[in-house]
Structure formats: structure tokens, C-alpha cells
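Colleague: Below is the file final_32.cif, with mmCIF, C-alpha atoms and all ligand atoms.
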```cif
data_final
#
loop_
_atom_site.label_atom_id
_atom_site.label_comp_id
_atom_site.auth_asym_id
_atom_site.auth_seq_id
_atom_site.Cartn_x
_atom_site.Cartn_y
_atom_site.Cartn_z
CA ASP V 1 34.52 7.71 196.71
CA HIS V 2 32.98 10.75 195.11
CA LEU V 3 35.20 10.96 192.10
CA LEU V 4 32.25 11.05 189.76
CA ALA V 5 29.86 13.09 191.88
CA ALA V 6 28.81 16.33 190.23
CA GLU V 7 28.52 18.21 193.54
CA ALA V 8 31.56 20.00 194.93
CA ASP V 9 33.32 18.96 198.12
CA GLU V 10 35.84 20.99 200.13
CA LEU V 11 38.83 19.75 198.13
CA ASP V 12 37.14 20.72 194.89
CA ARG V 13 36.44 24.23 196.11
CA ALA V 14 40.10 24.81 196.89
CA ALA V 15 41.26 23.33 193.59
CA GLU V 16 38.57 24.94 191.48
CA ALA V 17 39.24 28.52 192.46
CA ALA V 18 42.32 28.61 190.21
CA LEU V 19 40.54 27.02 187.26
CA ARG V 20 37.52 29.26 186.87
CA PRO V 21 37.29 31.28 183.69
CA ARG V 22 37.11 34.96 184.66
CA ARG V 23 35.60 36.37 181.49
CA LEU V 24 32.72 35.33 179.30
CA ASP V 25 34.99 34.83 176.30
CA GLU V 26 37.12 32.36 178.29
CA PHE V 27 34.04 30.33 179.20
CA ILE V 28 34.01 27.17 177.10
CA GLY V 29 30.86 25.69 175.56
CA GLN V 30 27.24 26.66 176.34
CA PRO V 31 27.08 28.83 173.18
CA VAL V 32 23.39 29.69 173.67
CA VAL V 33 23.83 30.78 177.27
CA ARG V 34 26.97 32.75 176.45
CA ASP V 35 25.16 34.56 173.66
CA GLN V 36 22.17 35.39 175.88
CA LEU V 37 24.40 36.65 178.66
CA SER V 38 26.61 38.71 176.45
CA LEU V 39 23.54 40.43 174.99
CA VAL V 40 22.10 41.19 178.43
CA LEU V 41 25.46 42.41 179.74
CA ASP V 42 26.12 44.63 176.73
CA ALA V 43 22.63 46.13 176.94
CA ALA V 44 23.03 46.84 180.64
CA ASN V 45 26.38 48.40 179.96
CA ALA V 46 24.93 50.63 177.23
CA ARG V 47 22.21 51.83 179.62
CA SER V 48 24.64 52.16 182.53
CA LYS V 49 22.33 50.02 184.61
CA PRO V 50 22.87 46.70 186.34
CA PRO V 51 21.76 43.75 184.23
CA ASP V 52 18.43 42.01 184.76
CA HIS V 53 18.22 39.21 187.28
CA VAL V 54 19.33 35.92 185.74
CA LEU V 55 18.24 32.39 186.55
CA LEU V 56 20.71 29.64 185.68
CA ALA V 57 19.10 26.23 185.41
CA GLY V 58 21.02 22.99 185.10
CA PRO V 59 22.73 20.11 186.88
CA PRO V 60 25.64 20.71 189.30
CA GLY V 61 29.17 21.16 188.05
CA LEU V 62 28.32 22.84 184.72
CA GLY V 63 29.54 26.34 185.57
CA LYS V 64 26.71 28.22 187.27
CA THR V 65 28.87 29.68 190.06
CA THR V 66 31.52 30.49 187.49
CA LEU V 67 29.00 32.42 185.39
CA ALA V 68 27.83 34.38 188.44
CA MET V 69 31.45 35.38 189.07
CA ILE V 70 31.87 36.35 185.44
CA ILE V 71 28.74 38.52 185.54
CA ALA V 72 29.98 40.30 188.66
CA GLY V 73 33.34 40.82 187.00
CA GLU V 74 31.82 42.18 183.81
CA VAL V 75 29.63 44.71 185.62
CA GLY V 76 32.43 45.65 188.00
CA GLY V 77 30.57 44.75 191.17
CA SER V 78 31.50 42.32 193.88
CA LEU V 79 29.94 38.91 194.24
CA LYS V 80 28.05 37.81 197.31
CA ILE V 81 27.32 34.11 197.54
CA THR V 82 24.62 32.35 199.50
CA SER V 83 22.27 29.44 198.99
CA GLY V 84 18.66 28.50 199.61
CA PRO V 85 19.45 26.06 202.41
CA ALA V 86 21.85 28.54 204.07
CA VAL V 87 19.12 31.15 204.46
CA GLN V 88 17.14 29.71 207.37
CA HIS V 89 15.19 32.82 208.29
CA ALA V 90 14.04 35.89 206.43
CA GLY V 91 16.32 37.86 208.77
CA ASP V 92 19.36 36.08 207.31
CA LEU V 93 18.40 37.28 203.87
CA ALA V 94 17.63 40.80 205.15
CA ALA V 95 21.17 40.97 206.54
CA ILE V 96 22.67 39.93 203.21
CA LEU V 97 20.45 42.30 201.22
CA SER V 98 21.22 45.28 203.42
CA SER V 99 24.93 44.80 202.77
CA VAL V 100 24.51 44.80 198.98
CA GLN V 101 26.08 47.73 197.15
CA GLU V 102 25.41 49.20 193.76
CA GLN V 103 26.39 46.87 190.87
CA ASP V 104 26.85 43.89 193.19
CA VAL V 105 25.78 40.44 192.14
CA LEU V 106 24.02 38.27 194.70
CA PHE V 107 24.40 34.61 193.78
CA ILE V 108 21.79 32.35 195.38
CA ASP V 109 22.60 28.69 194.77
CA GLU V 110 19.78 26.15 195.10
CA ILE V 111 17.37 29.03 195.09
CA HIS V 112 14.41 26.62 194.93
CA ARG V 113 15.21 25.64 198.52
CA LEU V 114 14.64 29.10 200.02
CA ALA V 115 12.14 29.15 202.87
CA ARG V 116 8.84 30.83 202.07
CA PRO V 117 9.30 34.06 204.09
CA ALA V 118 12.74 34.59 202.58
CA GLU V 119 11.32 33.98 199.14
CA GLU V 120 8.72 36.70 199.65
CA MET V 121 11.35 39.12 200.87
CA LEU V 122 13.35 38.35 197.76
CA TYR V 123 10.38 39.19 195.46
CA LEU V 124 10.25 42.68 196.87
CA ALA V 125 14.01 43.11 196.73
CA MET V 126 14.20 41.98 193.11
CA GLU V 127 11.25 44.00 191.91
CA ASP V 128 11.28 47.20 193.92
CA PHE V 129 14.83 47.15 195.34
CA ARG V 130 13.37 47.37 198.77
CA VAL V 131 13.53 45.26 201.90
CA ASP V 132 11.48 45.53 205.06
CA VAL V 133 13.72 45.05 208.05
CA VAL V 134 11.73 43.92 211.05
CA VAL V 135 12.87 45.43 214.32
CA GLY V 136 11.69 44.01 217.63
CA LYS V 137 9.49 41.02 218.33
CA GLY V 138 5.82 40.25 218.86
CA PRO V 139 3.11 42.95 218.79
CA GLY V 140 5.70 45.73 219.18
CA ALA V 141 7.62 44.69 216.06
CA THR V 142 7.88 47.28 213.32
CA ALA V 143 8.98 46.92 209.74
CA ILE V 144 11.44 49.55 208.61
CA PRO V 145 11.57 49.85 204.84
CA LEU V 146 15.08 50.04 203.46
CA THR V 147 15.83 51.06 199.90
CA LEU V 148 18.43 48.93 198.15
CA PRO V 149 20.84 50.11 195.48
CA PRO V 150 20.34 48.59 192.03
CA PHE V 151 21.90 45.14 192.00
CA THR V 152 21.54 41.82 190.22
CA VAL V 153 20.35 38.49 191.55
CA VAL V 154 21.79 35.42 189.87
CA GLY V 155 19.83 32.38 190.98
CA ALA V 156 20.88 28.79 190.36
CA THR V 157 18.62 25.80 190.38
CA THR V 158 18.84 22.25 189.15
CA ARG V 159 15.50 22.60 187.39
CA SER V 160 13.66 25.84 186.71
CA GLY V 161 10.37 23.96 187.15
CA LEU V 162 11.15 23.63 190.85
CA LEU V 163 10.77 27.37 191.31
CA PRO V 164 7.41 28.89 192.23
CA ALA V 165 6.08 30.88 189.29
CA PRO V 166 6.11 34.27 191.07
CA LEU V 167 9.81 33.90 191.82
CA ARG V 168 10.60 32.62 188.32
CA ASP V 169 8.80 35.64 186.86
CA ARG V 170 11.14 38.06 188.60
CA PHE V 171 14.06 36.89 186.51
CA GLY V 172 14.71 38.66 183.23
CA PHE V 173 15.50 35.33 181.66
CA THR V 174 16.39 31.75 182.40
CA ALA V 175 19.56 30.33 180.93
CA HIS V 176 19.39 26.57 180.52
CA MET V 177 22.75 24.87 180.87
CA ASP V 178 23.37 21.61 179.05
CA PHE V 179 25.91 18.87 179.58
CA TYR V 180 29.14 19.51 177.66
CA SER V 181 30.23 17.59 174.59
CA GLU V 182 33.42 15.58 174.76
CA ALA V 183 35.13 18.07 172.44
CA GLU V 184 34.21 20.93 174.81
CA LEU V 185 35.45 18.97 177.81
CA GLU V 186 38.75 18.39 176.03
CA LEU V 187 39.10 22.16 175.74
CA VAL V 188 38.23 22.59 179.44
CA LEU V 189 40.83 19.97 180.37
CA THR V 190 43.57 21.37 178.17
CA ARG V 191 42.97 24.82 179.60
CA SER V 192 42.93 23.51 183.19
CA ALA V 193 46.17 21.57 182.69
CA ARG V 194 47.83 24.68 181.32
CA LEU V 195 46.71 26.66 184.37
CA LEU V 196 48.15 23.92 186.57
CA GLY V 197 51.45 24.34 184.76
CA ALA V 198 51.27 21.07 182.83
CA GLU V 199 50.69 20.00 179.27
CA LEU V 200 47.92 17.52 178.66
CA GLN V 201 48.46 15.34 175.62
CA PRO V 202 45.50 15.22 173.24
CA GLU V 203 44.94 11.43 173.55
CA ALA V 204 44.87 11.77 177.33
CA ALA V 205 42.41 14.66 177.08
CA THR V 206 40.15 12.53 174.89
CA GLN V 207 40.16 9.67 177.38
CA ILE V 208 39.42 11.86 180.38
CA ALA V 209 36.73 13.82 178.52
CA SER V 210 34.89 10.69 177.44
CA ARG V 211 34.57 9.56 181.05
CA ALA V 212 33.65 12.87 182.67
CA ARG V 213 29.89 12.60 182.29
CA GLY V 214 29.55 15.83 180.36
CA THR V 215 30.55 17.78 183.48
CA PRO V 216 33.55 20.15 183.76
CA ARG V 217 33.80 19.67 187.53
CA ILE V 218 34.21 15.91 187.08
CA ALA V 219 36.65 16.42 184.21
CA ASN V 220 38.84 18.67 186.37
CA ARG V 221 38.70 16.20 189.23
CA LEU V 222 39.75 13.30 187.01
CA LEU V 223 42.56 15.46 185.67
CA ARG V 224 43.92 15.90 189.19
CA ARG V 225 43.98 12.12 189.69
CA VAL V 226 45.79 11.67 186.38
CA GLN V 227 48.27 14.29 187.49
CA ASP V 228 48.78 12.37 190.76
CA TRP V 229 49.50 9.20 188.84
CA ALA V 230 51.86 10.91 186.42
CA GLN V 231 53.82 12.47 189.25
CA VAL V 232 54.06 9.47 191.55
CA ARG V 233 54.07 6.46 189.26
CA GLY V 234 54.67 7.82 185.79
CA THR V 235 57.16 10.05 184.03
CA GLY V 236 55.40 13.26 185.06
CA ALA V 237 53.87 13.63 181.61
CA LEU V 238 50.08 13.82 181.31
CA ASP V 239 50.00 11.29 178.52
CA LEU V 240 47.74 8.44 177.49
CA ASP V 241 49.53 5.96 179.77
CA ALA V 242 48.98 8.15 182.80
CA ALA V 243 45.32 8.76 181.90
CA MET V 244 44.54 5.08 181.32
CA ALA V 245 46.38 3.95 184.43
CA ALA V 246 44.84 6.55 186.74
CA LEU V 247 41.32 5.93 185.46
CA ASP V 248 41.94 2.23 185.97
CA VAL V 249 43.13 2.73 189.56
CA PHE V 250 39.97 4.66 190.33
CA GLU V 251 37.77 2.15 188.48
CA VAL V 252 36.24 4.68 186.11
CA ASP V 253 35.35 2.79 182.97
CA ARG V 254 35.33 3.98 179.36
CA ARG V 255 31.79 5.31 179.66
CA GLY V 256 32.32 7.07 182.96
CA LEU V 257 30.72 4.40 185.14
CA ASP V 258 32.20 3.65 188.53
CA ARG V 259 32.11 0.52 190.65
CA LEU V 260 28.64 1.07 192.09
CA ASP V 261 27.16 1.86 188.67
CA ARG V 262 28.57 -1.36 187.27
CA ALA V 263 27.50 -3.39 190.31
CA VAL V 264 23.93 -2.19 189.84
CA LEU V 265 23.94 -3.08 186.15
CA ARG V 266 25.62 -6.41 186.80
CA ALA V 267 23.06 -7.35 189.46
CA LEU V 268 20.21 -6.42 187.12
CA CYS V 269 21.66 -8.26 184.13
CA GLU V 270 23.22 -11.31 185.74
CA ARG V 271 20.99 -12.04 188.70
CA PHE V 272 17.62 -10.79 187.56
CA GLY V 273 17.77 -11.45 183.83
CA GLY V 274 17.58 -7.73 183.06
CA GLY V 275 14.59 -6.99 185.32
CA PRO V 276 12.11 -5.51 185.98
CA THR V 277 13.42 -5.60 189.55
CA GLY V 278 12.36 -3.46 192.49
CA LEU V 279 14.77 -0.81 193.79
CA THR V 280 15.09 -2.45 197.21
CA THR V 281 15.98 -5.80 195.70
CA VAL V 282 18.66 -4.21 193.53
CA ALA V 283 20.02 -2.30 196.53
CA VAL V 284 20.23 -5.43 198.68
CA ALA V 285 22.00 -7.25 195.85
CA VAL V 286 24.75 -4.60 195.72
CA GLY V 287 24.90 -4.08 199.50
CA GLU V 288 23.83 -0.44 199.41
CA GLU V 289 20.96 1.62 200.76
CA PRO V 290 18.11 2.00 198.26
CA GLU V 291 18.49 5.77 198.54
CA THR V 292 22.15 5.59 197.51
CA VAL V 293 21.34 3.46 194.51
CA GLU V 294 18.50 5.76 193.55
CA THR V 295 20.26 9.09 193.97
CA VAL V 296 23.91 8.24 193.27
CA ALA V 297 23.89 5.52 190.62
CA GLU V 298 20.58 5.63 188.82
CA PRO V 299 20.40 9.14 187.38
CA PHE V 300 23.49 8.64 185.25
CA LEU V 301 22.54 5.10 184.23
CA VAL V 302 19.15 6.36 183.08
CA ARG V 303 20.67 9.34 181.30
CA GLU V 304 23.06 7.02 179.47
CA GLY V 305 20.22 4.76 178.35
CA LEU V 306 21.64 1.83 180.29
CA MET V 307 18.69 1.49 182.63
CA VAL V 308 14.99 2.35 182.56
CA ARG V 309 12.71 2.96 185.50
CA THR V 310 9.30 1.36 184.95
CA PRO V 311 6.31 1.07 187.25
CA ARG V 312 7.20 -2.60 187.74
CA GLY V 313 10.84 -1.94 188.59
CA ARG V 314 14.26 -1.27 187.12
CA VAL V 315 15.10 -2.71 183.71
CA ALA V 316 18.55 -3.03 182.14
CA THR V 317 18.61 -2.11 178.45
CA ALA V 318 20.37 -4.01 175.69
CA ALA V 319 23.08 -1.32 175.86
CA ALA V 320 23.72 -2.31 179.50
CA PHE V 321 24.24 -5.96 178.56
CA SER V 322 26.60 -5.03 175.78
CA HIS V 323 28.50 -2.56 178.00
CA LEU V 324 29.17 -5.41 180.42
CA GLY V 325 30.13 -7.73 177.58
CA LEU V 326 27.03 -9.88 178.12
CA THR V 327 24.47 -11.15 175.64
CA PRO V 328 20.97 -9.77 176.21
CA PRO V 329 18.33 -12.44 176.87
CA THR V 330 16.35 -13.41 173.76
CA SER V 331 13.01 -12.46 175.30
CA PRO V 332 14.11 -9.41 177.26
CA GLY V 333 11.96 -7.53 179.75
CA MET V 334 11.66 -4.79 177.16
P1 LIG X 1 28.20 24.82 189.37
O1 LIG X 1 28.08 26.12 190.11
O2 LIG X 1 27.26 24.72 188.21
O3 LIG X 1 28.10 23.61 190.27
P2 LIG X 1 30.97 25.65 188.94
O4 LIG X 1 30.75 27.00 188.34
O5 LIG X 1 31.38 25.62 190.38
O6 LIG X 1 29.66 24.74 188.71
O7 LIG X 1 32.05 24.89 188.04
C1 LIG X 1 32.72 23.75 188.48
C2 LIG X 1 34.13 23.71 187.94
O8 LIG X 1 34.09 23.49 186.55
C3 LIG X 1 34.92 24.99 188.17
O9 LIG X 1 36.23 24.65 188.54
C4 LIG X 1 34.98 25.66 186.82
O10 LIG X 1 36.24 26.23 186.63
C5 LIG X 1 34.81 24.51 185.85
N1 LIG X 1 34.02 24.96 184.71
C6 LIG X 1 32.67 24.98 184.64
N2 LIG X 1 32.27 25.44 183.44
C7 LIG X 1 33.38 25.72 182.74
C8 LIG X 1 33.60 26.22 181.41
N3 LIG X 1 32.59 26.50 180.61
N4 LIG X 1 34.86 26.40 181.03
C9 LIG X 1 35.88 26.09 181.84
N5 LIG X 1 35.75 25.60 183.10
C10 LIG X 1 34.51 25.42 183.54
#
```
Take the structure in the file and give it back as C-alpha cells.

Modeller:
Amino acid sequence: DHLLAAEADELDRAAEAALRPRRLDEFIGQPVVRDQLSLVLDAANARSKPPDHVLLAGPPGLGKTTLAMIIAGEVGGSLKITSGPAVQHAGDLAAILSSVQEQDVLFIDEIHRLARPAEEMLYLAMEDFRVDVVVGKGPGATAIPLTLPPFTVVGATTRSGLLPAPLRDRFGFTAHMDFYSEAELELVLTRSARLLGAELQPEAATQIASRARGTPRIANRLLRRVQDWAQVRGTGALDLDAAMAALDVFEVDRRGLDRLDRAVLRALCERFGGGPTGLTTVAVAVGEEPETVETVAEPFLVREGLMVRTPRGRVATAAAFSHLGLTPPTSPGM
């Protein structure tokens, strides 16, 4: 049911490992970010020092973990991975930091979700390469300062604005990742197919790319479903027939909307004349929890200009009516 979710699940993690670009020059798209990173990496290399800490900001599935791996590879260190929610106590972070070796890259996903004490420990580690390890409990507790070898923190966050300013300031720079163009996604898909030992026909690549929501993770996931179809019901070839049929089976339409997305739009357009309609009313109409509608369906509908959130409720745009093959009302809500 999560074919179009940008977050990774367990199956993705297994499948994705083989598809990650290992070097910056294999990384497709994001020309600005690639240029910034290559400058920082080259400068660090010239000074024989680890690169500055880097903050990667952008939606899930766009390649933040991949870039952290690439940075570690380029500086010749190993990559340690953790995440804001995984670090419950400052002690958890102290344990990770004290295992860091020179040139290592510490990737902290969802860094905006670090607990406050861990965040403060991280400031010190990033700025002074130092961590205070607390030994004992209560009044007898003592902090033993530990010097850390030079290393690099790569933080990832969905929005850099979520980060407290003092933490944001400890990063040498923030790389803002954008959604990929369809042409870039076609390159991602063609490369992935090749790594999977198959050849993706250009028309099939175009179809998958146009429905992948600007997100390589989703593109790769759709490719796996097309491959399933080709193998089980088709000729084995990743051609247009296989792409169209597989996308049809999984109810992904030509704009990358799934069943819930369309149900939401249909309810708004057909039952409520385009809105404005309250979230709860829309959710009841499609038989979902309001939270699901709000977090799963709405962000993409809004991004695509198919729906607008107004203080009076949700409104379907003219583009939504036309996407569903309906005629917008003559005196629309907007
Ligand atoms: P994030 O950490 O931002 O959620 P990942 O780095 O885990 O995203 O990337 C998700 C998947 O998309 C991986 O399988 C990766 O190989 C692929 N991918 C992401 N960006 C690119 C890119 N620029 N070129 C090729 N594949 C990419």
C-alpha cells in the first residue's frame, strides 16, 4: 500500500543497497548540491583535513543517505549511521561519538528530532571535537572529557528551518535537495535497470519517471513492480506494455496519484462541489482517518496544484476537475 510513499521500508532498504551511486560523479541530478559538495571535498582533500560538517535538507527519498555514503567514500572513512529518534539519551550519542575514528562520517538522519541533551553534546563534538562522558549517577557523577579525532557530521532533515539555530550554525553549509525532473528520473531508472541486469526501454522509462513524484526512491520501487510484471505476465522485457500494465495493476495514474489521492479529489469534486470542505468531512467521505488524509494524500495533492488548503477547508482546483475528467463548476469555490 506504500508504493508511492517517499519513506523507506524494510524491503526498500534491501533492494536499495545495490542501487546506490558510490561516487559523486555517478550521482544523478542535484547539480547545485553536487557542485557544492565537490568543492568542499576537494578543498578538504587539498588541506588533508576532514571536510566541514554538512547539512542535507530535503524530502525523503531524494538521496541524502546516498550522499552521506559518497562523502565517507570520498574521504576514505567509514560511515556510521544513526537518527534523531534513535538517540534517546545523551549517553547513546556519547557511545557513538566515542567510537568515531579519524576521517569517519557520522550520518544523523532526522537530526531535527534529537533530544535536547544529545543536541548539546553534539554542539561540543562538532565544534571542539570533544565529548564529556558522564560516569556514575547522582551527586557522585563526574564528567570525563574525551577528545575526538577529526570527523565529519552529515545531518539530514526534511526542512532546515526545523533545526535550532545553534545546531544549524555548526554546519559548514546546508545543501538543499530538490525534487528530480522527469529526465533525471529516467536516467536514475535506466541506471538502476542496468544494475539489476535488465534493459529498460526508453518509453517505459518515460512512463515510470512521470509517475514517480520527482523521487528516485519511488522511481526505483515502481521499476521493481514493472520488473515483476514483465517476468510473470509479460515477455520479460521492460517495455512500454509492461510499464503501463504494472502501473495499472497498482493503480498509479499518469500523474503519480494513487487510489487514496484520487478518492480524496473525487470526494471534493463530486460530493462537495470542489469545496471548501473540512478535513474531517473529506476523511469520512473516503473512509480514512483525517490524519492519513492529511499526511499521506494531501502533501502531494497540494504540491501538484490539485488541492489548496484554506482556512475554511480543502478546495479542489480546476486542475483537479480536469485530471478526473470532470468539468469545474461555473462559480467555483476559488
Ligand atoms: P534519503 O536518504 O534522502 O531518504 P536515499 O539516499 O536512501 O534517500 O535514496 C533512496 C534511493 O534512491 C536509493 O536507492 C538511491 O540509490 C536512489 N537515489 C537517490 N538519489 C539518487 C541519484 N541522484 N542517483 C541515483 N540514484 C539515486

Colleague: Excluding stretch 303-318 of chain V and residues on its chain fewer than 4 positions from it, collect all residues at most 10 Å away from it, counting all atoms listed in the file, and give them as a VMD selection string.

Modeller: chain V and resid 213 255 to 257 264 to 269 272 to 282 298 to 299 322 to 323 326 to 329 332 to 334

Colleague: Restricting the calculation to all atoms listed in the file, which member of V:Gly91, V:Gly138, V:Gly172, V:Pro216 is positioned closest to ligand LIG 1 (chain X)?

Modeller: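 Under the stated criterion, the closest residue is V:Pro216.
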
Colleague: Counting all atoms listed in the file, which of V:Asp241, V:Glu291, V:Glu120, V:Asp9 gets nearest to ligand LIG 1 (chain X)?

Modeller: V:Asp9

Colleague: Could you build a table of the residues in chain V lying no more than 7 Å from ligand LIG 1 (chain X), giving for each the nearest pair of atoms and their separation in Å rounded to one decimal place, using only C-alpha atoms and all ligand atoms, ordered by chain and ascending residue number, as a Markdown table?

Modeller:
```
| residue | atom | partner | partner_atom | distance |
| --- | --- | --- | --- | --- |
| V:Glu7 | CA | X:LIG1 | O3 | 6.3 |
| V:Ala8 | CA | X:LIG1 | O3 | 6.8 |
| V:Glu16 | CA | X:LIG1 | O9 | 3.8 |
| V:Ala17 | CA | X:LIG1 | O9 | 6.3 |
| V:Leu19 | CA | X:LIG1 | O10 | 4.4 |
| V:Arg20 | CA | X:LIG1 | O10 | 3.3 |
| V:Pro21 | CA | X:LIG1 | C9 | 5.7 |
| V:Glu26 | CA | X:LIG1 | N4 | 6.9 |
| V:Phe27 | CA | X:LIG1 | N3 | 4.3 |
| V:Ile28 | CA | X:LIG1 | N3 | 3.8 |
| V:Gly29 | CA | X:LIG1 | N3 | 5.4 |
| V:Gln30 | CA | X:LIG1 | N3 | 6.8 |
| V:Pro59 | CA | X:LIG1 | O2 | 6.6 |
| V:Pro60 | CA | X:LIG1 | O3 | 3.9 |
| V:Gly61 | CA | X:LIG1 | O3 | 3.5 |
| V:Leu62 | CA | X:LIG1 | O2 | 4.1 |
| V:Gly63 | CA | X:LIG1 | O4 | 3.1 |
| V:Lys64 | CA | X:LIG1 | O2 | 3.7 |
| V:Thr65 | CA | X:LIG1 | O1 | 3.6 |
| V:Thr66 | CA | X:LIG1 | O4 | 3.7 |
| V:Leu67 | CA | X:LIG1 | O4 | 6.4 |
| V:Val188 | CA | X:LIG1 | C9 | 4.9 |
| V:Pro216 | CA | X:LIG1 | O8 | 4.4 |
| V:Arg217 | CA | X:LIG1 | O8 | 4.0 |
| V:Asn220 | CA | X:LIG1 | O8 | 6.8 |
```

Colleague: Leaving out stretch 153-159 of chain V and any residue of its chain fewer than 6 positions from it, which residues lie within 10 Å of it when counting all atoms listed in the file, given as number ranges by chain?

Modeller: V: 51-60, 64-65, 67-69, 71-72, 79-84, 104-113, 122, 125-126, 168, 170-171, 174-177

Colleague: What is the atom CA of V:Asp228-atom CA of V:Asp261 distance in Å, reported with one decimal?

Modeller: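 That distance, rounded to one decimal, is 24.1 Å.
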
Colleague: If you measure from atom CA of V:Leu238 to atom CA of V:Ala209, what distance in Å do you get, rounded to one decimal?

Modeller: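 Atom-to-atom, atom CA of V:Leu238 to atom CA of V:Ala209, that is 13.6 Å.
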
Colleague: Just give me the gap between atom CA of V:Arg224 and atom CA of V:Ile70 in Å, one decimal is fine.

Modeller: 24.0 Å

Colleague: Using all atoms listed in the file for the distances, tell me which of V:Val33, V:Leu124, V:Ala94, V:Ala205 is nearest to V:Leu187.

Modeller: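 Selected residue with least distance to V:Leu187: V:Ala205.
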
Colleague: Axis-aligned box over every listed atom of stretch 178-186 of chain V, padded by 8 Å per side: centre and edges in Å to one decimal, as AutoDock Vina command-line options?

Modeller:
```
--center_x 31.1 --center_y 18.6 --center_z 176.0 --size_x 31.4 --size_y 22.0 --size_z 23.1
```

Colleague: For V:Gln201, work out the shell of residues within 9 Å, counting only C-alpha atoms and skipping chain neighbours fewer than 2 positions away, then give it as an mmCIF file with C-alpha atoms, keeping the file's coordinate frame.

Modeller:
```
data_model
loop_
_atom_site.group_PDB
_atom_site.id
_atom_site.type_symbol
_atom_site.label_atom_id
_atom_site.label_comp_id
_atom_site.auth_asym_id
_atom_site.auth_seq_id
_atom_site.Cartn_x
_atom_site.Cartn_y
_atom_site.Cartn_z
ATOM 1 C CA THR V 190 43.570 21.370 178.170
ATOM 2 C CA GLU V 199 50.690 20.000 179.270
ATOM 3 C CA GLU V 203 44.940 11.430 173.550
ATOM 4 C CA ALA V 204 44.870 11.770 177.330
ATOM 5 C CA ALA V 205 42.410 14.660 177.080
ATOM 6 C CA THR V 206 40.150 12.530 174.890
ATOM 7 C CA ALA V 237 53.870 13.630 181.610
ATOM 8 C CA LEU V 238 50.080 13.820 181.310
ATOM 9 C CA ASP V 239 50.000 11.290 178.520
ATOM 10 C CA LEU V 240 47.740 8.440 177.490
#
```

Colleague: Fewer than 3 positions away in the same chain doesn't count, so skip those; otherwise give me all residues within 12 Å of V:Val133, counting only C-alpha atoms, as a count of residues only.

Modeller: 24

Colleague: Using all atoms listed in the file, find the one residue out of V:Phe179, V:Arg22, V:Gln231, V:Thr215 that sits nearest to V:Ala198.

Modeller: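 The answer is V:Gln231, which sits nearest to V:Ala198.
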
Colleague: My list of candidates is V:Leu260, V:Val293, V:Leu24, V:Val226. Which is closest to V:Asp42 when distances are computed with all atoms listed in the file?

Modeller: V:Leu24
